[in-house]
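Q: Structure provided below as structure tokens; questions to follow.
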Amino acid sequence: MNFSSPLGVYVHIPYCRSICGYCDFVHDPCSGCIPHEFVDSLIHEIRITARGGQADTLFFGGGTPSLLSERDLHFILNALHDKYSFTDLEFTLEANPDDVTAEKIRIWKSCGVNRISLGVQSFSDRTLRYLGRRHDADSARKALGLVSDNFENWNLDLIYGAPRLCDWKDTLFRALSFKPPHIAAYALGLVAGTPLGDGDEKRYEDLTILRLYRRCEDVLRAYDHYEISNFAKAGKQSRHNLKYWRNEEHDAFGPGAYALREGSRLQNTPFTDSYIADPLHKMETQKLSVLQLKLETLIQHMRLREGISEAYFFQRFQEDISVLFGKVLQKLVEDRFIRYNDGVYYPTRKGFYLNDSLALALVLAIQNN
Ligand code: SF4
């Protein structure tokens with residue numbers, strides 16, 4: 001374990017050609033071309049604020065980074081390469097199936113992209129229409145064919161919990177037929193402020209959603225279920241996202257992006273117009289206390305099958321985990337949210353299913369201490 005390990009770098013491209021009904025990410029509509037003034041501001045932010053140094057993961061997320069032109073991609077990457085020394089790089093780019101063409105794949109590969117995350121969500125046209133996705137199942141299949149022929153490492157995003165529920169099993173099996181190295185499966189959230197969240201949509205009971213989740217676990221049993229919502233073949237876990245789940249330091253650029261830097265959480269404004277006007281303005285800079293950092297690190301690790309070891313915690317914080325968290329960890333073991341074995345605390349299946357309750361118990365225990 002080395003806590004001065006290389007950084008992860010995130011770049012947020014907020015533009016989308018159409019807006020999905022469930023989306024609560026930072027996004028802005030565009031005709032298909034990313035505005036130059038946005039790219040200029042992004043490059044300015046990178047040039048002025050990047051801390052630089054060694055980095056080993058780069059993630060272009062969105063929004064829809066697959067809308068970036070070759071020219072803009074090169075401009076942004078040049079700015080990043082001027083600041084960071086990338087070694088053994090995992091470079092992920094999120095793509096909408098509609099944008100995947102042989103030409104785009106050539107461009108991405110020539111830029112060093114070596115992992116594609118494809119927002120498929122479903123193989124049911126009815127579900128895709130319900131979600132407001134701009135692609136259909138056929139374009140998802142074509143994109144998957146191109147991606148799987150050209151990349152050894154890629155992810156497929158899926159969503160469950162949309163009507164009709166019976167489409168979920170079919171979607172899972174169709175996804176499996178492409179032999180994806182990595183699958184991320186998330187429950188549909190009906191979030192206030194989104195078209196579906198504000199509409200008159202049917203909300204399924206927790207038990208129904210749990211049944212869909214368990215179906216996913218069952219169908220994907222050949223995968224390493226390494227994080228609550230993420231499944232990977234051996235060696236294909238998302239190295240970038242693992243940095244978040246281990247609460248490790250990372251830089252982040254673009255509207256709404258969060259960085260964790262020297263124990264401070266920095267957040268950019270989520271409003272793209274404000275970001276373009278002043279890309280250096282931080283909406284929030286929060287210095288985390290050492291206690292917050294320890295608590296967040298513990299909570300985040302409880303999303304991971306690997307759990308957290310006493311040795312890891314001690315090496316990172318020079319403190320025995322039991323000094324601060326011993327009582328609450330013991331209680332969580334008794335309540336079967338976690339188990340303890342050979343110096344490691346692991347979330348149980350119950351701990352995965354009821355992860356919010358597990359996290360809340362940890363927060364409350366510290367507040368009442
Ligand atoms: S493509 Fe992604 S970011 Fe864009 S609107 Fe849809 S869910 Fe949101």
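Naming scheme: A, B, ... for chains in displayed order of the structure tokens; residues 1 onward per chain; ligands 1 onward as shown.
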Please extract the residues at most 9 Å from ligand 1, counting only C-alpha atoms and all ligand atoms, and provide them as an MDAnalysis selection string, using the chain letters and residue numbers of this document.

A: chainID A and resid 13:29 61:64 95:96 119 131:134

Q: Write the selection just made, keeping N, CA and C atoms, as a PDB file, in the first residue's frame?

A:
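Output (part11.pdb):
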ATOM      1  N   ILE A  13     -17.475  16.099 -19.527  1.00  0.00           N
ATOM      2  CA  ILE A  13     -17.971  16.736 -20.762  1.00  0.00           C
ATOM      3  C   ILE A  13     -19.493  16.747 -20.645  1.00  0.00           C
ATOM      4  N   PRO A  14     -20.104  17.910 -20.382  1.00  0.00           N
ATOM      5  CA  PRO A  14     -21.507  17.909 -19.952  1.00  0.00           C
ATOM      6  C   PRO A  14     -22.548  17.803 -21.066  1.00  0.00           C
ATOM      7  N   TYR A  15     -22.128  17.802 -22.322  1.00  0.00           N
ATOM      8  CA  TYR A  15     -23.124  17.946 -23.400  1.00  0.00           C
ATOM      9  C   TYR A  15     -23.744  16.620 -23.841  1.00  0.00           C
ATOM     10  N   CYS A  16     -25.030  16.691 -24.162  1.00  0.00           N
ATOM     11  CA  CYS A  16     -25.758  15.530 -24.668  1.00  0.00           C
ATOM     12  C   CYS A  16     -26.658  15.984 -25.814  1.00  0.00           C
ATOM     13  N   ARG A  17     -26.824  15.118 -26.805  1.00  0.00           N
ATOM     14  CA  ARG A  17     -27.686  15.476 -27.949  1.00  0.00           C
ATOM     15  C   ARG A  17     -29.151  15.415 -27.587  1.00  0.00           C
ATOM     16  N   SER A  18     -29.496  14.572 -26.600  1.00  0.00           N
ATOM     17  CA  SER A  18     -30.875  14.592 -26.089  1.00  0.00           C
ATOM     18  C   SER A  18     -30.785  14.267 -24.601  1.00  0.00           C
ATOM     19  N   ILE A  19     -31.805  14.633 -23.878  1.00  0.00           N
ATOM     20  CA  ILE A  19     -31.734  14.498 -22.425  1.00  0.00           C
ATOM     21  C   ILE A  19     -32.617  13.328 -21.982  1.00  0.00           C
ATOM     22  N   CYS A  20     -32.001  12.391 -21.262  1.00  0.00           N
ATOM     23  CA  CYS A  20     -32.733  11.204 -20.810  1.00  0.00           C
ATOM     24  C   CYS A  20     -33.667  11.567 -19.653  1.00  0.00           C
ATOM     25  N   GLY A  21     -34.775  10.863 -19.575  1.00  0.00           N
ATOM     26  CA  GLY A  21     -35.820  11.221 -18.618  1.00  0.00           C
ATOM     27  C   GLY A  21     -35.431  11.050 -17.164  1.00  0.00           C
ATOM     28  N   TYR A  22     -34.406  10.274 -16.887  1.00  0.00           N
ATOM     29  CA  TYR A  22     -34.033   9.980 -15.494  1.00  0.00           C
ATOM     30  C   TYR A  22     -32.760  10.723 -15.073  1.00  0.00           C
ATOM     31  N   CYS A  23     -32.194  11.534 -15.965  1.00  0.00           N
ATOM     32  CA  CYS A  23     -30.813  11.986 -15.759  1.00  0.00           C
ATOM     33  C   CYS A  23     -30.692  13.084 -14.714  1.00  0.00           C
ATOM     34  N   ASP A  24     -29.864  12.827 -13.699  1.00  0.00           N
ATOM     35  CA  ASP A  24     -29.543  13.893 -12.746  1.00  0.00           C
ATOM     36  C   ASP A  24     -28.044  14.165 -12.732  1.00  0.00           C
ATOM     37  N   PHE A  25     -27.356  13.771 -13.815  1.00  0.00           N
ATOM     38  CA  PHE A  25     -25.946  14.164 -13.954  1.00  0.00           C
ATOM     39  C   PHE A  25     -25.907  15.610 -14.461  1.00  0.00           C
ATOM     40  N   VAL A  26     -24.698  16.182 -14.406  1.00  0.00           N
ATOM     41  CA  VAL A  26     -24.560  17.531 -14.957  1.00  0.00           C
ATOM     42  C   VAL A  26     -24.567  17.407 -16.482  1.00  0.00           C
ATOM     43  N   HIS A  27     -25.586  17.965 -17.110  1.00  0.00           N
ATOM     44  CA  HIS A  27     -25.710  17.808 -18.560  1.00  0.00           C
ATOM     45  C   HIS A  27     -26.315  19.059 -19.184  1.00  0.00           C
ATOM     46  N   ASP A  28     -26.015  19.269 -20.439  1.00  0.00           N
ATOM     47  CA  ASP A  28     -26.573  20.389 -21.203  1.00  0.00           C
ATOM     48  C   ASP A  28     -26.898  19.907 -22.606  1.00  0.00           C
ATOM     49  N   PRO A  29     -28.016  20.361 -23.167  1.00  0.00           N
ATOM     50  CA  PRO A  29     -28.321  19.941 -24.538  1.00  0.00           C
ATOM     51  C   PRO A  29     -27.381  20.591 -25.541  1.00  0.00           C
ATOM     52  N   GLY A  61     -15.906  11.425 -18.610  1.00  0.00           N
ATOM     53  CA  GLY A  61     -17.292  11.057 -18.350  1.00  0.00           C
ATOM     54  C   GLY A  61     -18.224  12.194 -18.710  1.00  0.00           C
ATOM     55  N   GLY A  62     -19.523  11.937 -18.574  1.00  0.00           N
ATOM     56  CA  GLY A  62     -20.443  13.000 -18.961  1.00  0.00           C
ATOM     57  C   GLY A  62     -21.817  12.820 -18.372  1.00  0.00           C
ATOM     58  N   GLY A  63     -22.731  13.477 -19.106  1.00  0.00           N
ATOM     59  CA  GLY A  63     -22.659  14.008 -20.449  1.00  0.00           C
ATOM     60  C   GLY A  63     -22.252  12.917 -21.458  1.00  0.00           C
ATOM     61  N   THR A  64     -21.754  13.381 -22.564  1.00  0.00           N
ATOM     62  CA  THR A  64     -21.426  12.459 -23.653  1.00  0.00           C
ATOM     63  C   THR A  64     -20.066  12.803 -24.247  1.00  0.00           C
ATOM     64  N   ALA A  95     -19.233   6.383 -23.825  1.00  0.00           N
ATOM     65  CA  ALA A  95     -19.761   6.572 -25.177  1.00  0.00           C
ATOM     66  C   ALA A  95     -21.239   6.227 -25.230  1.00  0.00           C
ATOM     67  N   ASN A  96     -21.954   7.014 -26.029  1.00  0.00           N
ATOM     68  CA  ASN A  96     -23.333   6.686 -26.340  1.00  0.00           C
ATOM     69  C   ASN A  96     -23.322   5.754 -27.557  1.00  0.00           C
ATOM     70  N   GLY A 119     -22.978   3.271 -22.697  1.00  0.00           N
ATOM     71  CA  GLY A 119     -24.257   3.449 -22.002  1.00  0.00           C
ATOM     72  C   GLY A 119     -25.382   2.744 -22.724  1.00  0.00           C
ATOM     73  N   LEU A 131     -36.955   5.377 -21.012  1.00  0.00           N
ATOM     74  CA  LEU A 131     -35.851   6.089 -20.356  1.00  0.00           C
ATOM     75  C   LEU A 131     -35.483   7.378 -21.083  1.00  0.00           C
ATOM     76  N   GLY A 132     -35.958   7.487 -22.341  1.00  0.00           N
ATOM     77  CA  GLY A 132     -35.633   8.690 -23.128  1.00  0.00           C
ATOM     78  C   GLY A 132     -34.257   8.620 -23.755  1.00  0.00           C
ATOM     79  N   ARG A 133     -33.732   7.398 -23.943  1.00  0.00           N
ATOM     80  CA  ARG A 133     -32.430   7.261 -24.584  1.00  0.00           C
ATOM     81  C   ARG A 133     -32.562   7.562 -26.070  1.00  0.00           C
ATOM     82  N   ARG A 134     -31.487   8.069 -26.690  1.00  0.00           N
ATOM     83  CA  ARG A 134     -31.597   8.393 -28.116  1.00  0.00           C
ATOM     84  C   ARG A 134     -31.249   7.199 -28.990  1.00  0.00           C
TER      85      ARG A 134
END

Q: Would you list the contacts of Pro181 (chain A) as a PDB file with C-alpha atoms, in the first residue's frame, taking every protein, DNA or RNA residue within 10 Å and counting only C-alpha atoms, but skipping same-chain residues closer than 3 positions in sequence?

A:
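Listing of part_35.pdb after writing:
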ATOM      1  CA  SER A 148     -15.797  -5.687 -28.455  1.00  0.00           C
ATOM      2  CA  GLU A 152      -9.994  -5.702 -24.804  1.00  0.00           C
ATOM      3  CA  ASN A 153     -11.262  -3.695 -21.840  1.00  0.00           C
ATOM      4  CA  TRP A 154     -14.753  -2.193 -21.851  1.00  0.00           C
ATOM      5  CA  ASN A 155     -17.822  -1.704 -19.727  1.00  0.00           C
ATOM      6  CA  LEU A 156     -21.506  -1.935 -20.435  1.00  0.00           C
ATOM      7  CA  LEU A 176     -23.810 -11.547 -21.495  1.00  0.00           C
ATOM      8  CA  PHE A 178     -21.270  -9.989 -25.895  1.00  0.00           C
ATOM      9  CA  TYR A 223     -18.153 -12.256 -12.589  1.00  0.00           C
ATOM     10  CA  PHE A 231     -19.196  -6.792 -11.903  1.00  0.00           C
ATOM     11  CA  ALA A 232     -15.892  -7.606 -13.574  1.00  0.00           C
ATOM     12  CA  LYS A 233     -13.930 -10.424 -15.127  1.00  0.00           C
ATOM     13  CA  ALA A 234     -10.573 -11.040 -13.451  1.00  0.00           C
ATOM     14  CA  GLY A 235      -8.295  -8.030 -13.767  1.00  0.00           C
ATOM     15  CA  LYS A 236     -10.968  -5.877 -15.426  1.00  0.00           C
ATOM     16  CA  GLN A 237     -12.208  -3.947 -12.402  1.00  0.00           C
TER      17      GLN A 237
END

Q: I'd like the neighbourhood of Asp56 (chain A) as a ChimeraX atom specification, where a residue qualifies if any of its atoms comes within 7 Å (using only C-alpha atoms), though same-chain residues fewer than 6 positions away should be ignored.

A: /A:6-8,86-90

Q: Pick from A:Tyr275, A:Tyr345, A:Phe314, A:Tyr204: nearest to Asp40 (chain A), with only C-alpha atoms counted?

A: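 Selected residue with least distance to Asp40 (chain A): A:Tyr275.
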
Q: Which residues come within 12 Å of Asp206 (chain A), counting only C-alpha atoms, excluding same-chain residues fewer than 3 positions away, as a short mmCIF file (atom, residue, chain, number, x, y, z; two decimals) with C-alpha atoms, in the first residue's frame?

A:
data_model
loop_
_atom_site.label_atom_id
_atom_site.label_comp_id
_atom_site.auth_asym_id
_atom_site.auth_seq_id
_atom_site.Cartn_x
_atom_site.Cartn_y
_atom_site.Cartn_z
CA GLY A 161 -36.34 -1.04 -12.43
CA ALA A 187 -31.38 0.76 -10.21
CA LEU A 188 -33.44 3.42 -11.96
CA GLY A 189 -33.73 6.40 -9.63
CA ARG A 203 -42.45 3.52 -8.00
CA ILE A 209 -35.98 -3.72 -6.77
CA LEU A 210 -34.07 -6.14 -4.55
CA ARG A 211 -35.46 -9.06 -6.56
CA LEU A 212 -34.13 -7.48 -9.78
CA TYR A 213 -30.76 -6.90 -8.14
CA TYR A 353 -28.31 -4.77 -0.06
CA LEU A 354 -28.71 -2.32 2.81
#

Q: Just checking: using only C-alpha atoms, which residue out of A:Glu227, A:Ser122, A:Arg115, A:Lys142 ends up closest to Ala175 (chain A)?

A: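 The answer is A:Ser122, which sits nearest to Ala175 (chain A).
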